[in-house]
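Enquirer: What follows is coords03.cif, mmCIF, C-alpha atoms.
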data_work
#
loop_
_atom_site.group_PDB
_atom_site.id
_atom_site.type_symbol
_atom_site.label_atom_id
_atom_site.label_comp_id
_atom_site.auth_asym_id
_atom_site.auth_seq_id
_atom_site.Cartn_x
_atom_site.Cartn_y
_atom_site.Cartn_z
ATOM 1 C CA MET U 1008 25.949 -59.915 192.876
ATOM 2 C CA LYS U 1009 24.704 -63.343 191.902
ATOM 3 C CA MET U 1010 23.332 -65.836 194.434
ATOM 4 C CA ILE U 1011 23.323 -69.561 193.609
ATOM 5 C CA PHE U 1012 20.401 -71.276 195.308
ATOM 6 C CA ASP U 1013 18.543 -74.561 195.455
ATOM 7 C CA ILE U 1014 15.649 -75.977 197.446
ATOM 8 C CA GLU U 1015 15.052 -79.526 198.605
ATOM 9 C CA THR U 1016 11.551 -80.776 199.279
ATOM 10 C CA GLY U 1017 9.791 -83.586 201.084
ATOM 11 C CA PRO U 1018 6.301 -85.099 201.186
ATOM 12 C CA LEU U 1019 3.789 -83.744 203.666
ATOM 13 C CA PRO U 1020 2.481 -86.319 206.168
ATOM 14 C CA ARG U 1021 -0.098 -88.637 204.616
ATOM 15 C CA GLU U 1022 -2.794 -87.552 207.031
ATOM 16 C CA LYS U 1023 -2.446 -83.945 205.886
ATOM 17 C CA ILE U 1024 -2.919 -84.747 202.219
ATOM 18 C CA ALA U 1025 -5.233 -87.766 202.374
ATOM 19 C CA HIS U 1026 -8.100 -85.611 201.095
ATOM 20 C CA LEU U 1027 -6.087 -84.890 197.944
ATOM 21 C CA ILE U 1028 -5.518 -88.526 196.953
ATOM 22 C CA PRO U 1029 -7.314 -89.209 193.647
ATOM 23 C CA GLU U 1030 -9.990 -91.882 193.499
ATOM 24 C CA PHE U 1031 -7.996 -94.631 191.848
ATOM 25 C CA THR U 1032 -9.668 -97.585 190.194
ATOM 26 C CA ALA U 1033 -8.212 -100.911 189.139
ATOM 27 C CA PRO U 1034 -8.253 -102.008 185.474
ATOM 28 C CA SER U 1035 -11.676 -103.218 184.352
ATOM 29 C CA ASN U 1036 -10.418 -106.778 183.845
ATOM 30 C CA TYR U 1037 -9.581 -107.096 187.549
ATOM 31 C CA LYS U 1038 -12.307 -109.128 189.259
ATOM 32 C CA ASP U 1039 -10.684 -110.495 192.390
ATOM 33 C CA PRO U 1040 -11.300 -108.102 195.332
ATOM 34 C CA ASP U 1041 -7.839 -108.696 196.776
ATOM 35 C CA LYS U 1042 -6.162 -107.927 193.451
ATOM 36 C CA ILE U 1043 -8.301 -104.826 193.030
ATOM 37 C CA ALA U 1044 -7.357 -103.602 196.509
ATOM 38 C CA ALA U 1045 -3.672 -104.360 195.894
ATOM 39 C CA ASN U 1046 -3.705 -102.486 192.595
ATOM 40 C CA ILE U 1047 -5.371 -99.420 194.121
ATOM 41 C CA ALA U 1048 -2.890 -99.488 197.014
ATOM 42 C CA GLU U 1049 -0.030 -99.639 194.515
ATOM 43 C CA GLN U 1050 -1.378 -96.612 192.644
ATOM 44 C CA GLN U 1051 -1.772 -94.699 195.909
ATOM 45 C CA ALA U 1052 1.812 -95.536 196.897
ATOM 46 C CA ALA U 1053 3.094 -94.346 193.511
ATOM 47 C CA TRP U 1054 1.127 -91.109 193.908
ATOM 48 C CA TYR U 1055 2.538 -90.501 197.380
ATOM 49 C CA ALA U 1056 6.068 -91.253 196.166
ATOM 50 C CA LYS U 1057 5.781 -88.099 194.027
ATOM 51 C CA ALA U 1058 4.210 -85.952 196.755
ATOM 52 C CA ALA U 1059 7.443 -84.045 197.384
ATOM 53 C CA LEU U 1060 7.400 -82.714 193.827
ATOM 54 C CA HIS U 1061 4.281 -80.557 194.178
ATOM 55 C CA PRO U 1062 3.604 -77.746 196.673
ATOM 56 C CA MET U 1063 0.063 -79.028 197.308
ATOM 57 C CA THR U 1064 1.462 -82.283 198.672
ATOM 58 C CA GLY U 1065 5.044 -81.402 199.588
ATOM 59 C CA TYR U 1066 6.960 -78.907 201.691
ATOM 60 C CA VAL U 1067 10.315 -77.143 201.611
ATOM 61 C CA ALA U 1068 12.780 -79.241 203.613
ATOM 62 C CA ALA U 1069 15.924 -77.163 203.063
ATOM 63 C CA ILE U 1070 17.243 -74.171 201.158
ATOM 64 C CA GLY U 1071 20.830 -73.712 200.087
ATOM 65 C CA MET U 1072 22.293 -70.335 199.128
ATOM 66 C CA TYR U 1073 25.771 -69.504 197.918
ATOM 67 C CA GLY U 1074 26.782 -65.968 197.072
ATOM 68 C CA VAL U 1075 29.427 -66.212 194.370
ATOM 69 C CA GLY U 1076 32.688 -65.591 196.146
ATOM 70 C CA GLY U 1077 30.923 -65.595 199.500
ATOM 71 C CA PRO U 1078 29.980 -68.072 202.230
ATOM 72 C CA LEU U 1079 27.800 -71.156 201.881
ATOM 73 C CA ASN U 1080 24.443 -70.883 203.648
ATOM 74 C CA LEU U 1081 22.479 -74.100 204.234
ATOM 75 C CA VAL U 1082 19.147 -73.667 206.014
ATOM 76 C CA ALA U 1083 16.973 -76.520 207.267
ATOM 77 C CA ILE U 1084 14.591 -75.212 209.944
ATOM 78 C CA GLU U 1085 10.810 -74.868 210.247
ATOM 79 C CA GLU U 1086 9.359 -74.375 206.787
ATOM 80 C CA ASP U 1087 7.619 -71.052 207.421
ATOM 81 C CA ALA U 1088 10.696 -69.527 209.078
ATOM 82 C CA MET U 1089 12.940 -70.838 206.309
ATOM 83 C CA ILE U 1090 10.811 -69.446 203.477
ATOM 84 C CA GLY U 1091 10.473 -66.112 205.280
ATOM 85 C CA TYR U 1092 14.248 -66.015 205.701
ATOM 86 C CA PHE U 1093 14.744 -66.647 201.987
ATOM 87 C CA TRP U 1094 12.361 -63.867 200.956
ATOM 88 C CA ASN U 1095 14.105 -61.520 203.396
ATOM 89 C CA ILE U 1096 17.417 -62.244 201.703
ATOM 90 C CA TYR U 1097 15.785 -61.760 198.318
ATOM 91 C CA GLY U 1098 14.385 -58.418 199.435
ATOM 92 C CA ALA U 1099 17.729 -57.286 200.814
ATOM 93 C CA PHE U 1100 19.233 -57.309 197.322
ATOM 94 C CA ASP U 1101 18.583 -54.501 194.875
ATOM 95 C CA ASP U 1102 17.070 -55.136 191.461
ATOM 96 C CA MET U 1103 20.449 -55.601 189.812
ATOM 97 C CA ASN U 1104 21.260 -58.699 191.875
ATOM 98 C CA GLN U 1105 20.229 -62.073 190.505
ATOM 99 C CA PHE U 1106 19.421 -65.539 191.788
ATOM 100 C CA VAL U 1107 20.843 -68.431 189.770
ATOM 101 C CA GLY U 1108 19.721 -72.051 189.858
ATOM 102 C CA HIS U 1109 18.826 -75.093 187.787
ATOM 103 C CA ASN U 1110 15.149 -75.368 186.836
ATOM 104 C CA ILE U 1111 14.321 -72.633 189.352
ATOM 105 C CA GLN U 1112 11.698 -71.102 187.088
ATOM 106 C CA GLY U 1113 10.035 -74.465 186.543
ATOM 107 C CA PHE U 1114 10.287 -75.777 190.110
ATOM 108 C CA ASP U 1115 12.046 -73.914 192.935
ATOM 109 C CA ILE U 1116 10.450 -70.469 192.680
ATOM 110 C CA PRO U 1117 6.905 -71.681 191.888
ATOM 111 C CA PHE U 1118 7.216 -74.138 194.796
ATOM 112 C CA LEU U 1119 8.334 -71.373 197.161
ATOM 113 C CA ILE U 1120 5.513 -69.098 195.994
ATOM 114 C CA CYS U 1121 2.800 -71.722 196.459
ATOM 115 C CA ARG U 1122 4.124 -72.804 199.844
ATOM 116 C CA SER U 1123 4.226 -69.132 200.862
ATOM 117 C CA TRP U 1124 0.568 -68.786 199.922
ATOM 118 C CA ALA U 1125 -0.271 -71.957 201.861
ATOM 119 C CA LEU U 1126 1.530 -70.690 204.964
ATOM 120 C CA GLY U 1127 0.336 -67.094 204.773
ATOM 121 C CA ILE U 1128 3.782 -65.704 203.969
ATOM 122 C CA LYS U 1129 3.951 -62.552 201.864
ATOM 123 C CA VAL U 1130 5.746 -63.010 198.550
ATOM 124 C CA PRO U 1131 7.835 -59.960 197.553
ATOM 125 C CA PRO U 1132 6.045 -58.138 194.728
ATOM 126 C CA THR U 1133 9.119 -58.129 192.474
ATOM 127 C CA VAL U 1134 9.185 -61.946 192.329
ATOM 128 C CA MET U 1135 6.456 -61.817 189.733
ATOM 129 C CA SER U 1136 6.427 -59.625 186.651
ATOM 130 C CA GLY U 1137 2.771 -59.501 185.688
ATOM 131 C CA ARG U 1138 1.624 -63.118 185.557
ATOM 132 C CA TYR U 1139 5.122 -64.503 185.103
ATOM 133 C CA LEU U 1140 8.339 -64.840 187.052
ATOM 134 C CA ASN U 1141 10.780 -61.968 186.918
ATOM 135 C CA ASP U 1142 13.312 -63.155 184.322
ATOM 136 C CA ARG U 1143 15.648 -60.317 185.238
ATOM 137 C CA ARG U 1144 16.013 -61.540 188.819
ATOM 138 C CA PHE U 1145 16.026 -65.305 188.225
ATOM 139 C CA ILE U 1146 18.596 -66.950 185.933
ATOM 140 C CA ASP U 1147 17.650 -70.551 185.166
ATOM 141 C CA THR U 1148 20.529 -72.676 183.875
ATOM 142 C CA MET U 1149 18.161 -75.343 182.550
ATOM 143 C CA LYS U 1150 16.124 -72.766 180.630
ATOM 144 C CA ALA U 1151 19.339 -71.336 179.229
ATOM 145 C CA PHE U 1152 20.567 -74.818 178.255
ATOM 146 C CA GLN U 1153 17.376 -75.362 176.234
ATOM 147 C CA CYS U 1154 18.533 -72.505 173.976
ATOM 148 C CA GLY U 1155 14.902 -71.788 173.125
ATOM 149 C CA ASN U 1156 14.268 -75.405 172.040
ATOM 150 C CA HIS U 1157 11.286 -76.200 174.223
ATOM 151 C CA GLN U 1158 10.800 -79.602 172.590
ATOM 152 C CA GLU U 1159 13.645 -80.622 174.871
ATOM 153 C CA LYS U 1160 11.655 -80.104 178.040
ATOM 154 C CA PHE U 1161 14.015 -81.258 180.797
ATOM 155 C CA PHE U 1162 17.751 -81.457 181.296
ATOM 156 C CA GLY U 1163 18.670 -82.595 184.801
ATOM 157 C CA LEU U 1164 21.511 -80.861 186.605
ATOM 158 C CA ASP U 1165 23.466 -84.101 186.857
ATOM 159 C CA ALA U 1166 23.256 -84.684 183.090
ATOM 160 C CA VAL U 1167 24.233 -81.102 182.220
ATOM 161 C CA SER U 1168 27.159 -81.268 184.630
ATOM 162 C CA LYS U 1169 28.414 -84.466 182.995
ATOM 163 C CA PHE U 1170 27.930 -82.904 179.545
ATOM 164 C CA PHE U 1171 30.389 -80.190 180.551
ATOM 165 C CA GLY U 1172 32.819 -82.786 181.915
ATOM 166 C CA LEU U 1173 32.346 -81.513 185.448
ATOM 167 C CA GLY U 1174 31.401 -84.848 186.959
ATOM 168 C CA GLY U 1175 28.020 -85.545 188.477
ATOM 169 C CA LYS U 1176 26.451 -85.952 191.855
ATOM 170 C CA THR U 1177 28.384 -88.280 194.129
ATOM 171 C CA ASP U 1178 25.549 -89.248 196.490
ATOM 172 C CA PRO U 1179 22.224 -90.343 194.934
ATOM 173 C CA ILE U 1180 19.907 -89.049 197.672
ATOM 174 C CA GLY U 1181 17.497 -87.442 195.233
ATOM 175 C CA ALA U 1182 13.845 -87.847 196.173
ATOM 176 C CA THR U 1183 14.720 -89.265 199.610
ATOM 177 C CA PHE U 1184 16.307 -85.992 200.784
ATOM 178 C CA ALA U 1185 13.778 -85.278 203.540
ATOM 179 C CA GLU U 1186 14.117 -88.797 204.914
ATOM 180 C CA VAL U 1187 17.912 -88.576 204.906
ATOM 181 C CA LEU U 1188 17.760 -85.123 206.512
ATOM 182 C CA ALA U 1189 15.785 -86.616 209.392
ATOM 183 C CA THR U 1190 18.200 -89.512 209.901
ATOM 184 C CA ASP U 1191 21.584 -88.215 208.711
ATOM 185 C CA ARG U 1192 21.561 -84.421 208.645
ATOM 186 C CA PRO U 1193 25.273 -83.956 207.743
ATOM 187 C CA ARG U 1194 24.891 -86.235 204.709
ATOM 188 C CA ALA U 1195 21.768 -84.411 203.519
ATOM 189 C CA LEU U 1196 23.358 -80.988 203.874
ATOM 190 C CA ALA U 1197 26.500 -82.209 202.101
ATOM 191 C CA TYR U 1198 24.263 -83.280 199.215
ATOM 192 C CA LEU U 1199 22.678 -79.815 199.104
ATOM 193 C CA ALA U 1200 26.101 -78.141 199.207
ATOM 194 C CA GLU U 1201 27.278 -80.299 196.312
ATOM 195 C CA ASP U 1202 24.187 -79.315 194.304
ATOM 196 C CA LEU U 1203 25.065 -75.661 194.815
ATOM 197 C CA GLU U 1204 28.665 -76.178 193.733
ATOM 198 C CA ILE U 1205 27.603 -78.144 190.628
ATOM 199 C CA THR U 1206 25.106 -75.409 189.745
ATOM 200 C CA ARG U 1207 27.810 -72.758 190.184
ATOM 201 C CA ALA U 1208 30.190 -74.688 187.940
ATOM 202 C CA VAL U 1209 27.529 -75.216 185.256
ATOM 203 C CA ALA U 1210 26.478 -71.557 185.325
ATOM 204 C CA ASP U 1211 30.120 -70.522 185.071
ATOM 205 C CA ARG U 1212 30.705 -72.746 182.022
ATOM 206 C CA MET U 1213 27.631 -71.225 180.395
ATOM 207 C CA GLY U 1214 28.880 -67.690 181.023
ATOM 208 C CA LEU U 1215 25.983 -66.846 183.320
ATOM 209 C CA LEU U 1216 28.016 -65.640 186.286
#
Just give me the structure of the file as structure tokens.

Expert:
Amino acid sequence: MKMIFDIETGPLPREKIAHLIPEFTAPSNYKDPDKIAANIAEQQAAWYAKAALHPMTGYVAAIGMYGVGGPLNLVAIEEDAMIGYFWNIYGAFDDMNQFVGHNIQGFDIPFLICRSWALGIKVPPTVMSGRYLNDRRFIDTMKAFQCGNHQEKFFGLDAVSKFFGLGGKTDPIGATFAEVLATDRPRALAYLAEDLEITRAVADRMGLL
């Protein structure tokens, strides 16, 4: 069996990561104190805008799972319970079952592992193979699309989907997922469900299912 999955992340509260903010400085030609302060504040805001992209400064806001030919499973509960639930599902499959996603080896799985460590959640031993992720269990459509050409470092799911003529994402929530989840849960979960369907369609076109 193959399980399509995707995670969505959000930034941790500022007060919880304030100690991680780098010591920004304004350009040396800035002399006016107000301009210096404004520039530093701008750099801090730009840093925080990317907080959701790293497990030191972000958290897992939702996980979507879709067993090929099976039901859609969208989970958005407390982070520790959600990650534990995901690892339980992972552990319930035997070694021949695989998890399929876009950029999961570069983002989703490392994020889940690091957040597990932060929260004291045990990571199943078969997730890692030595120092690296278990390639046999995790099929990454982006890694496959690179075809070994690592000079092309990133192909977004939306772009790959359009390349195959499958259409792209219809709702540009993107980095604001956690905010939308808090204010319009049905819209956020619909976005996650669409991501899963696009990933399934891409993987199918690539012969990975």

Enquirer: Hey, what's within 10 Å of range 1150-1158 of chain U if we count only C-alpha atoms and toss same-chain stuff fewer than 3 positions away? As a tab-separated table (two decimals) with C-alpha atoms, in the frame of the given file, please?

Expert:
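Result file is out12.tsv:
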chain	number	residue	atom	x	y	z
U	1108	GLY	CA	19.72	-72.05	189.86
U	1109	HIS	CA	18.83	-75.09	187.79
U	1110	ASN	CA	15.15	-75.37	186.84
U	1111	ILE	CA	14.32	-72.63	189.35
U	1112	GLN	CA	11.70	-71.10	187.09
U	1113	GLY	CA	10.04	-74.46	186.54
U	1146	ILE	CA	18.60	-66.95	185.93
U	1147	ASP	CA	17.65	-70.55	185.17
U	1161	PHE	CA	14.02	-81.26	180.80
U	1162	PHE	CA	17.75	-81.46	181.30
U	1167	VAL	CA	24.23	-81.10	182.22
U	1209	VAL	CA	27.53	-75.22	185.26
U	1210	ALA	CA	26.48	-71.56	185.32
U	1213	MET	CA	27.63	-71.22	180.40
U	1215	LEU	CA	25.98	-66.85	183.32

Enquirer: Mind giving me the straight-line distance from CA of Leu1019 in chain U to CA of Ala1044 in chain U in Å, one decimal?

Expert: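 For CA of Leu1019 in chain U relative to CA of Ala1044 in chain U, the distance reads 23.9 Å.
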
Enquirer: Here's the selection I'm unsure about, the PyMOL selection byres ((chain U and resi 1083-1085) around 9); applied to the file above, which residues does it give, as a list of chain:residue names?

Expert: U:Val1067, U:Ala1068, U:Ala1069, U:Ile1070, U:Gly1071, U:Leu1081, U:Val1082, U:Glu1086, U:Asp1087, U:Ala1088, U:Met1089, U:Ile1090, U:Leu1188, U:Leu1196

Enquirer: Determine, counting only C-alpha atoms, which protein, DNA and RNA residues have an atom within 10 Å of an atom of range 1121-1138 of chain U; residues of the same chain fewer than 4 positions away are not included. Present the result as a ChimeraX atom specification.

Expert: /U:1061-1067,1086-1088,1090-1091,1094-1095,1097-1098,1102,1116-1117,1142-1145

Enquirer: What is the CA of Phe1184 in chain U to CA of Ser1168 in chain U distance in Å?

Expert: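 Answer for the CA of Phe1184 in chain U to CA of Ser1168 in chain U separation: 20.0 Å.
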
Enquirer: Taking the file as shown, what set of residues would the PyMOL selection byres ((chain U and resi 1175) around 10) give back, as a ChimeraX atom specification?

Expert: /U:1164-1174,1176-1179,1201-1202,1205

Enquirer: Deliver the residues from the most recent selection as a file, using C-alpha atoms, as a compact mmCIF listing (two decimals), in the coordinates of the input.

Expert:
# COMPACT_ATOMS: atom_id res chain seq x y z
CA LEU U 1164 21.51 -80.86 186.60
CA ASP U 1165 23.47 -84.10 186.86
CA ALA U 1166 23.26 -84.68 183.09
CA VAL U 1167 24.23 -81.10 182.22
CA SER U 1168 27.16 -81.27 184.63
CA LYS U 1169 28.41 -84.47 183.00
CA PHE U 1170 27.93 -82.90 179.54
CA PHE U 1171 30.39 -80.19 180.55
CA GLY U 1172 32.82 -82.79 181.92
CA LEU U 1173 32.35 -81.51 185.45
CA GLY U 1174 31.40 -84.85 186.96
CA LYS U 1176 26.45 -85.95 191.86
CA THR U 1177 28.38 -88.28 194.13
CA ASP U 1178 25.55 -89.25 196.49
CA PRO U 1179 22.22 -90.34 194.93
CA GLU U 1201 27.28 -80.30 196.31
CA ASP U 1202 24.19 -79.32 194.30
CA ILE U 1205 27.60 -78.14 190.63
